[in-house]
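Have a look at entry14.json; it's JSON, C-alpha atoms:
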```json
[["chain", "number", "residue", "atom", "x", "y", "z"],
["A", 264, "MET", "CA", -21.54, 60.18, 19.53],
["A", 265, "SER", "CA", -20.78, 56.75, 20.96],
["A", 266, "ALA", "CA", -17.39, 56.33, 22.60],
["A", 267, "TYR", "CA", -16.95, 53.00, 20.79],
["A", 268, "SER", "CA", -16.76, 51.88, 17.17],
["A", 269, "LYS", "CA", -17.75, 48.32, 18.11],
["A", 270, "ILE", "CA", -19.19, 46.66, 21.20],
["A", 271, "GLU", "CA", -19.10, 42.86, 21.31],
["A", 272, "VAL", "CA", -20.99, 41.01, 24.03],
["A", 273, "SER", "CA", -21.08, 37.27, 24.60],
["A", 274, "ALA", "CA", -23.56, 35.61, 26.93],
["A", 275, "PRO", "CA", -23.70, 31.95, 27.95],
["A", 276, "GLY", "CA", -26.67, 29.69, 27.60],
["A", 277, "SER", "CA", -28.23, 28.37, 30.79],
["A", 278, "ILE", "CA", -30.11, 25.44, 32.25],
["A", 279, "MET", "CA", -32.31, 24.98, 35.28],
["A", 280, "LEU", "CA", -30.78, 22.73, 37.91],
["A", 281, "MET", "CA", -33.76, 22.87, 40.25],
["A", 282, "GLY", "CA", -36.77, 25.02, 41.06],
["A", 283, "GLU", "CA", -38.82, 24.53, 37.91],
["A", 284, "HIS", "CA", -42.47, 25.52, 38.38],
["A", 285, "ALA", "CA", -42.08, 26.23, 42.12],
["A", 286, "VAL", "CA", -40.04, 29.40, 41.51],
["A", 287, "LEU", "CA", -43.19, 31.02, 40.10],
["A", 288, "PHE", "CA", -44.86, 30.46, 43.48],
["A", 289, "GLY", "CA", -42.22, 32.17, 45.60],
["A", 290, "GLU", "CA", -39.88, 29.21, 46.07],
["A", 291, "PRO", "CA", -36.12, 29.37, 45.33],
["A", 292, "ALA", "CA", -34.51, 28.08, 42.15],
["A", 293, "LEU", "CA", -31.05, 26.89, 41.08],
["A", 294, "ALA", "CA", -29.68, 27.50, 37.60],
["A", 295, "CYS", "CA", -26.30, 27.54, 35.92],
["A", 296, "ALA", "CA", -24.63, 29.10, 32.91],
["A", 297, "VAL", "CA", -23.30, 26.62, 30.35],
["A", 298, "ASP", "CA", -20.28, 26.90, 28.09],
["A", 299, "VAL", "CA", -22.09, 27.54, 24.81],
["A", 300, "ARG", "CA", -22.31, 31.22, 24.01],
["A", 301, "LEU", "CA", -24.26, 33.70, 21.95],
["A", 302, "VAL", "CA", -22.50, 36.81, 20.59],
["A", 303, "VAL", "CA", -24.11, 40.18, 19.90],
["A", 304, "THR", "CA", -22.01, 42.76, 18.05],
["A", 305, "LEU", "CA", -23.13, 46.40, 18.00],
["A", 306, "ARG", "CA", -21.73, 49.01, 15.61],
["A", 307, "PRO", "CA", -23.02, 52.60, 16.06],
["A", 308, "ARG", "CA", -24.51, 54.46, 13.10],
["A", 309, "PRO", "CA", -24.55, 58.24, 12.46],
["A", 310, "ASP", "CA", -28.35, 58.21, 12.07],
["A", 311, "ARG", "CA", -31.20, 56.69, 14.14],
["A", 312, "GLN", "CA", -31.64, 53.59, 12.00],
["A", 313, "VAL", "CA", -31.61, 50.11, 13.56],
["A", 314, "LEU", "CA", -30.41, 47.17, 11.45],
["A", 315, "ILE", "CA", -30.39, 43.63, 12.84],
["A", 316, "ASP", "CA", -28.71, 40.64, 11.20],
["A", 317, "SER", "CA", -29.68, 37.32, 12.80],
["A", 318, "ALA", "CA", -30.26, 33.70, 11.85],
["A", 319, "LEU", "CA", -33.87, 34.29, 12.91],
["A", 320, "GLY", "CA", -34.34, 37.12, 10.41],
["A", 321, "GLN", "CA", -33.23, 40.50, 9.09],
["A", 322, "TYR", "CA", -34.66, 43.74, 10.44],
["A", 323, "GLN", "CA", -34.58, 47.41, 9.51],
["A", 324, "GLY", "CA", -36.32, 50.16, 11.43],
["A", 325, "SER", "CA", -35.77, 53.32, 13.40],
["A", 326, "LEU", "CA", -35.33, 54.12, 17.08],
["A", 327, "ASP", "CA", -38.32, 56.41, 16.61],
["A", 328, "ASN", "CA", -40.52, 53.72, 15.01],
["A", 329, "LEU", "CA", -39.75, 50.14, 15.97],
["A", 330, "VAL", "CA", -41.98, 47.80, 13.97],
["A", 331, "PRO", "CA", -42.75, 44.47, 15.72],
["A", 332, "MET", "CA", -41.14, 41.27, 14.40],
["A", 333, "PRO", "CA", -42.04, 38.15, 16.42],
["A", 334, "ALA", "CA", -38.81, 36.26, 15.62],
["A", 335, "LEU", "CA", -36.79, 39.10, 17.19],
["A", 336, "ALA", "CA", -39.28, 40.02, 19.91],
["A", 337, "PHE", "CA", -36.82, 39.83, 22.83],
["A", 338, "VAL", "CA", -34.19, 41.92, 21.03],
["A", 339, "LEU", "CA", -36.72, 44.57, 20.02],
["A", 340, "ALA", "CA", -38.17, 44.69, 23.54],
["A", 341, "VAL", "CA", -34.70, 45.52, 24.90],
["A", 342, "ILE", "CA", -34.20, 48.19, 22.22],
["A", 343, "GLU", "CA", -37.52, 49.75, 23.26],
["A", 344, "GLN", "CA", -36.19, 50.06, 26.82],
["A", 345, "TYR", "CA", -33.31, 52.22, 25.56],
["A", 346, "ALA", "CA", -34.68, 53.95, 22.44],
["A", 347, "ALA", "CA", -35.53, 57.29, 24.04],
["A", 348, "GLN", "CA", -32.10, 57.48, 25.71],
["A", 349, "LEU", "CA", -30.02, 56.86, 22.56],
["A", 350, "GLU", "CA", -28.75, 59.56, 20.25],
["A", 351, "GLN", "CA", -27.51, 57.14, 17.59],
["A", 352, "GLY", "CA", -28.87, 54.07, 15.91],
["A", 353, "PHE", "CA", -26.78, 50.96, 15.34],
["A", 354, "GLU", "CA", -26.25, 47.75, 13.45],
["A", 355, "LEU", "CA", -26.67, 44.60, 15.51],
["A", 356, "SER", "CA", -25.29, 41.21, 14.53],
["A", 357, "ILE", "CA", -26.43, 38.15, 16.49],
["A", 358, "ARG", "CA", -24.59, 34.83, 16.25],
["A", 359, "ALA", "CA", -25.46, 31.85, 18.45],
["A", 360, "GLY", "CA", -23.22, 28.88, 19.16],
["A", 361, "PHE", "CA", -26.28, 26.73, 19.91],
["A", 362, "SER", "CA", -29.74, 26.12, 18.49],
["A", 363, "HIS", "CA", -32.81, 27.93, 19.85],
["A", 364, "THR", "CA", -34.74, 24.65, 19.50],
["A", 365, "VAL", "CA", -32.85, 23.05, 22.42],
["A", 366, "GLY", "CA", -33.52, 24.25, 25.96],
["A", 367, "LEU", "CA", -30.32, 26.13, 26.66],
["A", 368, "GLY", "CA", -31.88, 29.49, 27.42],
["A", 369, "SER", "CA", -31.30, 31.10, 24.02],
["A", 370, "SER", "CA", -33.98, 33.76, 24.64],
["A", 371, "ALA", "CA", -32.40, 34.68, 27.98],
["A", 372, "ALA", "CA", -28.91, 34.75, 26.46],
["A", 373, "VAL", "CA", -29.88, 37.05, 23.59],
["A", 374, "THR", "CA", -31.81, 39.29, 25.99],
["A", 375, "ALA", "CA", -28.84, 39.48, 28.37],
["A", 376, "ALA", "CA", -26.31, 40.15, 25.60],
["A", 377, "THR", "CA", -28.47, 42.77, 23.86],
["A", 378, "THR", "CA", -29.14, 44.56, 27.15],
["A", 379, "ALA", "CA", -25.41, 44.72, 27.92],
["A", 380, "ALA", "CA", -24.59, 45.96, 24.41],
["A", 381, "LEU", "CA", -27.19, 48.73, 24.54],
["A", 382, "ALA", "CA", -26.26, 49.75, 28.08],
["A", 383, "ALA", "CA", -22.66, 50.18, 26.90],
["A", 384, "HIS", "CA", -23.85, 52.05, 23.78],
["A", 385, "ALA", "CA", -25.88, 54.40, 26.00],
["A", 386, "GLY", "CA", -23.00, 54.92, 28.43],
["A", 387, "HIS", "CA", -24.82, 53.19, 31.29],
["A", 388, "SER", "CA", -23.59, 50.68, 33.87],
["A", 389, "THR", "CA", -23.04, 47.14, 32.60],
["A", 390, "ALA", "CA", -22.87, 45.55, 36.06],
["A", 391, "PRO", "CA", -25.06, 42.40, 36.14],
["A", 392, "GLU", "CA", -27.28, 43.76, 38.91],
["A", 393, "ASP", "CA", -28.02, 46.88, 36.85],
["A", 394, "LEU", "CA", -28.68, 44.96, 33.64],
["A", 395, "PHE", "CA", -31.00, 42.41, 35.25],
["A", 396, "SER", "CA", -34.05, 44.59, 35.94],
["A", 397, "ILE", "CA", -34.00, 46.07, 32.42],
["A", 398, "ALA", "CA", -33.60, 42.67, 30.78],
["A", 399, "LEU", "CA", -36.36, 41.14, 32.93],
["A", 400, "ALA", "CA", -38.73, 43.98, 31.98],
["A", 401, "ALA", "CA", -38.10, 43.14, 28.32],
["A", 402, "VAL", "CA", -38.84, 39.44, 28.92],
["A", 403, "HIS", "CA", -42.08, 40.30, 30.73],
["A", 404, "GLN", "CA", -43.08, 42.62, 27.89],
["A", 405, "VAL", "CA", -42.74, 39.77, 25.39],
["A", 406, "GLN", "CA", -44.29, 37.08, 27.61],
["A", 407, "ASN", "CA", -47.21, 39.08, 29.02],
["A", 408, "GLY", "CA", -45.68, 39.31, 32.48],
["A", 409, "ARG", "CA", -44.58, 35.67, 32.62],
["A", 410, "GLY", "CA", -41.07, 34.44, 33.31],
["A", 411, "SER", "CA", -39.19, 34.15, 36.58],
["A", 412, "GLY", "CA", -35.90, 35.53, 35.26],
["A", 413, "THR", "CA", -33.89, 32.58, 36.61],
["A", 414, "ASP", "CA", -32.24, 31.77, 33.27],
["A", 415, "LEU", "CA", -31.60, 35.47, 32.67],
["A", 416, "ALA", "CA", -29.76, 35.76, 35.99],
["A", 417, "ALA", "CA", -27.63, 32.70, 35.13],
["A", 418, "SER", "CA", -26.62, 34.18, 31.76],
["A", 419, "LEU", "CA", -25.72, 37.54, 33.30],
["A", 420, "TYR", "CA", -23.79, 36.25, 36.33],
["A", 421, "GLY", "CA", -22.36, 32.92, 35.13],
["A", 422, "GLY", "CA", -21.58, 29.88, 37.29],
["A", 423, "VAL", "CA", -24.33, 28.48, 39.49],
["A", 424, "ILE", "CA", -26.84, 30.89, 40.99],
["A", 425, "GLY", "CA", -29.53, 30.62, 43.62],
["A", 426, "TYR", "CA", -32.54, 32.72, 42.70],
["A", 427, "SER", "CA", -35.68, 33.94, 44.44],
["A", 428, "LEU", "CA", -38.44, 35.86, 42.70],
["A", 429, "ALA", "CA", -40.17, 37.82, 45.46],
["A", 430, "PRO", "CA", -38.33, 39.61, 46.83],
["A", 431, "CYS", "CA", -35.89, 39.24, 43.95],
["A", 432, "GLU", "CA", -32.52, 37.90, 45.08],
["A", 433, "ILE", "CA", -29.64, 36.49, 43.04],
["A", 434, "ARG", "CA", -27.08, 34.44, 44.97],
["A", 435, "PRO", "CA", -23.87, 33.50, 43.06],
["A", 436, "LEU", "CA", -22.62, 30.13, 44.38],
["A", 437, "SER", "CA", -19.09, 28.76, 44.42],
["A", 438, "GLY", "CA", -19.41, 25.14, 43.27],
["A", 439, "LEU", "CA", -19.31, 24.00, 39.61],
["A", 440, "PRO", "CA", -20.99, 20.57, 39.41],
["A", 441, "PRO", "CA", -20.17, 18.06, 36.65],
["A", 442, "ILE", "CA", -23.23, 17.85, 34.37],
["A", 443, "VAL", "CA", -24.43, 15.92, 31.34],
["A", 444, "LEU", "CA", -27.40, 16.93, 29.18],
["A", 445, "TYR", "CA", -29.53, 14.92, 26.77],
["A", 446, "TYR", "CA", -32.25, 16.18, 24.42],
["A", 447, "CYS", "CA", -35.31, 13.97, 23.99],
["A", 448, "GLY", "CA", -36.00, 15.16, 20.43],
["A", 449, "TYR", "CA", -39.05, 17.38, 21.00],
["A", 450, "LYS", "CA", -40.26, 20.12, 23.32],
["A", 451, "MET", "CA", -43.46, 21.80, 24.40],
["A", 452, "LYS", "CA", -43.42, 25.56, 24.87],
["A", 453, "THR", "CA", -43.08, 26.52, 28.52],
["A", 454, "PRO", "CA", -46.28, 28.65, 28.60],
["A", 455, "ASP", "CA", -48.25, 25.64, 27.30],
["A", 456, "VAL", "CA", -46.79, 23.37, 29.99],
["A", 457, "LEU", "CA", -47.57, 25.96, 32.67],
["A", 458, "ALA", "CA", -51.16, 26.21, 31.43],
["A", 459, "LEU", "CA", -51.61, 22.44, 31.71],
["A", 460, "VAL", "CA", -50.22, 22.40, 35.25],
["A", 461, "GLU", "CA", -52.45, 25.33, 36.21],
["A", 462, "GLN", "CA", -55.52, 23.40, 35.04],
["A", 463, "LYS", "CA", -54.57, 20.41, 37.21],
["A", 464, "ALA", "CA", -53.68, 22.60, 40.18],
["A", 465, "ALA", "CA", -57.09, 24.29, 40.02],
["A", 466, "ARG", "CA", -58.69, 20.91, 40.83],
["A", 467, "GLN", "CA", -56.39, 20.19, 43.79],
["A", 468, "PRO", "CA", -55.05, 23.58, 44.96],
["A", 469, "ALA", "CA", -54.03, 22.56, 48.48],
["A", 470, "LEU", "CA", -52.11, 19.50, 47.30],
["A", 471, "TYR", "CA", -50.30, 21.43, 44.59],
["A", 472, "SER", "CA", -49.34, 24.13, 47.08],
["A", 473, "GLY", "CA", -47.83, 21.40, 49.21],
["A", 474, "VAL", "CA", -45.86, 20.07, 46.25],
["A", 475, "TYR", "CA", -44.44, 23.54, 45.56],
["A", 476, "ARG", "CA", -43.40, 23.91, 49.21],
["A", 477, "LEU", "CA", -41.57, 20.55, 49.06],
["A", 478, "MET", "CA", -39.89, 21.67, 45.85],
["A", 479, "GLY", "CA", -38.69, 24.81, 47.62],
["A", 480, "GLN", "CA", -37.31, 22.86, 50.58],
["A", 481, "THR", "CA", -35.51, 20.48, 48.21],
["A", 482, "THR", "CA", -34.00, 23.39, 46.31],
["A", 483, "GLN", "CA", -32.79, 25.06, 49.52],
["A", 484, "ALA", "CA", -31.02, 21.84, 50.49],
["A", 485, "ALA", "CA", -29.56, 21.59, 46.97],
["A", 486, "GLU", "CA", -28.19, 25.14, 47.23],
["A", 487, "ARG", "CA", -26.35, 24.14, 50.40],
["A", 488, "ALA", "CA", -25.01, 21.02, 48.65],
["A", 489, "VAL", "CA", -23.65, 23.13, 45.77],
["A", 490, "CYS", "CA", -21.93, 25.52, 48.19],
["A", 491, "GLU", "CA", -20.35, 22.55, 49.98],
["A", 492, "GLN", "CA", -19.59, 20.79, 46.65],
["A", 493, "ASP", "CA", -21.36, 17.72, 48.05],
["A", 494, "TRP", "CA", -22.29, 16.18, 44.71],
["A", 495, "THR", "CA", -23.63, 12.96, 46.24],
["A", 496, "ALA", "CA", -26.19, 14.95, 48.23],
["A", 497, "LEU", "CA", -27.01, 17.08, 45.18],
["A", 498, "GLY", "CA", -27.67, 13.94, 43.12],
["A", 499, "GLU", "CA", -30.03, 12.56, 45.77],
["A", 500, "LEU", "CA", -31.89, 15.87, 45.86],
["A", 501, "MET", "CA", -32.17, 15.95, 42.06],
["A", 502, "ASN", "CA", -33.82, 12.53, 42.16],
["A", 503, "LEU", "CA", -36.18, 13.74, 44.87],
["A", 504, "TYR", "CA", -37.10, 16.84, 42.89],
["A", 505, "GLN", "CA", -37.79, 14.69, 39.83],
["A", 506, "GLY", "CA", -40.39, 12.78, 41.84],
["A", 507, "LEU", "CA", -42.11, 16.08, 42.55],
["A", 508, "MET", "CA", -41.99, 17.02, 38.85],
["A", 509, "ASP", "CA", -43.66, 13.69, 38.13],
["A", 510, "ALA", "CA", -46.34, 14.60, 40.67],
["A", 511, "LEU", "CA", -47.04, 17.79, 38.70],
["A", 512, "GLY", "CA", -47.66, 15.65, 35.60],
["A", 513, "VAL", "CA", -44.82, 17.02, 33.45],
["A", 514, "CYS", "CA", -42.87, 13.77, 32.96],
["A", 515, "ASP", "CA", -43.81, 11.59, 29.99],
["A", 516, "THR", "CA", -42.75, 8.09, 28.90],
["A", 517, "THR", "CA", -39.66, 9.19, 26.96],
["A", 518, "LEU", "CA", -38.37, 11.46, 29.72],
["A", 519, "ALA", "CA", -38.94, 8.75, 32.34],
["A", 520, "GLU", "CA", -37.01, 6.22, 30.24],
["A", 521, "MET", "CA", -34.13, 8.67, 29.83],
["A", 522, "ILE", "CA", -34.02, 9.45, 33.55],
["A", 523, "TYR", "CA", -33.94, 5.84, 34.71],
["A", 524, "ARG", "CA", -31.42, 4.83, 32.03],
["A", 525, "LEU", "CA", -29.12, 7.65, 33.10],
["A", 526, "ARG", "CA", -29.46, 6.76, 36.78],
["A", 527, "ALA", "CA", -28.28, 3.24, 35.89],
["A", 528, "GLU", "CA", -24.91, 4.65, 34.77],
["A", 529, "PRO", "CA", -22.19, 4.03, 37.42],
["A", 530, "GLY", "CA", -20.89, 7.59, 37.08],
["A", 531, "VAL", "CA", -24.28, 9.30, 37.48],
["A", 532, "LEU", "CA", -25.32, 10.58, 40.91],
["A", 533, "GLY", "CA", -28.77, 11.86, 39.94],
["A", 534, "ALA", "CA", -30.96, 12.73, 36.96],
["A", 535, "LYS", "CA", -34.03, 14.89, 36.37],
["A", 536, "ILE", "CA", -35.89, 16.96, 33.83],
["A", 537, "SER", "CA", -34.26, 20.33, 33.21],
["A", 538, "GLY", "CA", -36.93, 22.89, 32.38],
["A", 539, "SER", "CA", -40.70, 22.86, 32.47],
["A", 540, "GLY", "CA", -41.06, 19.28, 31.19],
["A", 541, "LEU", "CA", -43.16, 17.36, 28.65],
["A", 542, "GLY", "CA", -40.14, 17.33, 26.36],
["A", 543, "ASP", "CA", -36.80, 19.11, 25.98],
["A", 544, "CYS", "CA", -33.83, 18.01, 28.12],
["A", 545, "VAL", "CA", -32.85, 15.65, 30.90],
["A", 546, "LEU", "CA", -29.97, 16.66, 33.15],
["A", 547, "ALA", "CA", -27.63, 14.18, 34.82],
["A", 548, "LEU", "CA", -25.07, 14.89, 37.52],
["A", 549, "GLY", "CA", -21.78, 13.10, 36.95],
["A", 550, "HIS", "CA", -20.37, 11.27, 33.93],
["A", 551, "VAL", "CA", -21.84, 8.93, 31.31],
["A", 552, "GLU", "CA", -19.70, 6.28, 29.60],
["A", 553, "SER", "CA", -22.35, 4.41, 27.58],
["A", 554, "GLU", "CA", -23.68, 5.27, 24.13],
["A", 555, "LEU", "CA", -27.31, 6.25, 24.66],
["A", 556, "PRO", "CA", -30.00, 6.61, 21.96],
["A", 557, "TRP", "CA", -30.67, 10.31, 22.62],
["A", 558, "GLU", "CA", -28.90, 13.44, 21.48],
["A", 559, "SER", "CA", -26.08, 14.32, 23.84],
["A", 560, "ILE", "CA", -25.54, 18.05, 24.28],
["A", 561, "PRO", "CA", -21.93, 18.56, 25.33],
["A", 562, "VAL", "CA", -21.99, 21.25, 28.00],
["A", 563, "SER", "CA", -20.28, 22.08, 31.26],
["A", 564, "VAL", "CA", -20.94, 24.83, 33.78],
["A", 565, "ALA", "CA", -19.54, 28.17, 32.55],
["A", 566, "ALA", "CA", -17.83, 30.11, 35.33],
["A", 567, "THR", "CA", -18.38, 33.50, 33.66],
["A", 568, "GLY", "CA", -21.54, 35.25, 32.55],
["A", 569, "VAL", "CA", -21.83, 38.21, 30.19],
["A", 570, "GLU", "CA", -18.47, 39.35, 28.76],
["A", 571, "ILE", "CA", -17.99, 42.67, 26.94],
["A", 572, "ARG", "CA", -15.24, 43.78, 24.56],
["A", 573, "TYR", "CA", -14.90, 47.30, 23.17],
["A", 574, "GLU", "CA", -13.20, 48.83, 20.16],
["A", 575, "THR", "CA", -12.66, 52.60, 20.15],
["A", 576, "ASN", "CA", -12.73, 55.00, 17.22]]
```

Final structure tokens representation of the file:
Amino acid sequence: MSAYSKIEVSAPGSIMLMGEHAVLFGEPALACAVDVRLVVTLRPRPDRQVLIDSALGQYQGSLDNLVPMPALAFVLAVIEQYAAQLEQGFELSIRAGFSHTVGLGSSAAVTAATTAALAAHAGHSTAPEDLFSIALAAVHQVQNGRGSGTDLAASLYGGVIGYSLAPCEIRPLSGLPPIVLYYCGYKMKTPDVLALVEQKAARQPALYSGVYRLMGQTTQAAERAVCEQDWTALGELMNLYQGLMDALGVCDTTLAEMIYRLRAEPGVLGAKISGSGLGDCVLALGHVESELPWESIPVSVAATGVEIRYETN
């Protein structure tokens, strides 16, 4: 029997600060947790049934026969990682404080929170470093091996993290930069953006390799700026990285307009796409006073990552 009558896990959303695209080619990335959270509540059952209640759908199955459901693919992939090790089923409630349509790492947050809840249910370690490899395996299962895990690391650890893919290294950083986020009103799925960039890179492989190396060098300098809380330097590096994103072909007219309008604000030190591009969000460093014609997403850097609360029988 489980030692707990209820396990409640909250995980923050996340955004990429720097390292988009290049992280998949061995370069470092920077990401941060943001102060909007998703909550997963697990209640053990006496049988092996699995019931999931989520805004994305309702699910009923068994630990011995998990039927696929695309809307809950990340959650079910995590459950598959633990199914053979669990004696009891459970009821899982998922409540998000932000929309999955906006690029705040909702898939990473639900994967992180579900992994922590099931690790606790199984009596395993819930330390971030122990949860990460299991959660990343679930993401890769859903995305056919794709996904760097940067956003996952940010949700698990909180704050700002430096991240490298091979060999995998997660570096929690001390600075919490002031950020502003705007949503352009549409987004293209990351795998589709990656496919477009791959097609272009195939025609100019040497040049694209050079762009990725420059992205990595820029991100390394940005990591130092975060550690030193040198926000002026970080803003300059964000602008530089945006030029490299433009070189990859992932900046469109709307995003460019947003970026240059934000840079014109006296309180903004830098602005760039956050994420893979061709839609979604633009990130600014600093403060914005003007009313702008795009959806403002009120976020700040969250100092804490996954948080777990227990209730005992």

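Closest approach to Ala359 of chain A among A:Ala376, A:Gln404, A:Pro333, A:Tyr345 is made by A:Ala376 (distances from all atoms listed in the file).
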
message = At a cut-off of 9 Å, using only C-alpha atoms, what residues contact Glu499 of chain A? Leave out same-chain residues fewer than 6 positions from it and give the result as a list in words.
response = Leu532, Gly533 and Ala534 of chain A

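Atom CA of Tyr523 of chain A is positioned 10.9 Å from atom CA of Gln505 of chain A.
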
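In this structure, atom CA of Asp327 of chain A sits 22.2 Å away from atom CA of Val373 of chain A.
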
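Minimum atom-to-atom distance to Arg300 of chain A, evaluated using all atoms listed in the file, belongs to A:Val272 out of A:Leu280, A:Val272, A:Ile522, A:Ala336.
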
Contacts of segment 418-423 of chain A within 6 Å, only C-alpha atoms, excl. fewer than 6 positions in-chain, as a list in words = Ala274, Pro275, Ala294, Cys295, Ala296, Ala372, Pro391, Leu436, Ala565, Ala566, Thr567, Gly568 and Val569 of chain A

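For the pair atom CA of Ala385 of chain A and atom CA of Gln348 of chain A, the interatomic distance is 6.9 Å.
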
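Within the 9 Å cut-off around segment 482-496 of chain A, using only C-alpha atoms and omitting residues fewer than 5 positions from it on the same chain, the listed residues are A:Met281, A:Gly282, A:Glu290, A:Pro291, A:Ala292, A:Leu293, A:Val423, A:Ile424, A:Gly425, A:Leu436, A:Ser437, A:Gly438, A:Leu439, A:Pro440, A:Pro441, A:Leu477, A:Met501, A:Tyr504, A:Leu532, A:Gly533, A:Leu548, A:Gly549.
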
So that I can check the surroundings of Ala266 of chain A, please list as a JSON list (two decimals) with C-alpha atoms, keeping the file's coordinate frame every protein, DNA and RNA residue that reaches within 9 Å of it, counting all atoms listed in the file and ignoring chain neighbours fewer than 6 positions away.
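Dumped to result.json:
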```
[["chain", "number", "residue", "atom", "x", "y", "z"],
["A", 384, "HIS", "CA", -23.85, 52.05, 23.78],
["A", 386, "GLY", "CA", -23.00, 54.92, 28.43],
["A", 574, "GLU", "CA", -13.20, 48.83, 20.16],
["A", 575, "THR", "CA", -12.66, 52.60, 20.15],
["A", 576, "ASN", "CA", -12.73, 55.00, 17.22]]
```

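Nearest residue to Ser317 of chain A among A:Val303, A:Ala527, A:Val402, A:Cys514 is A:Val303, counting only C-alpha atoms.
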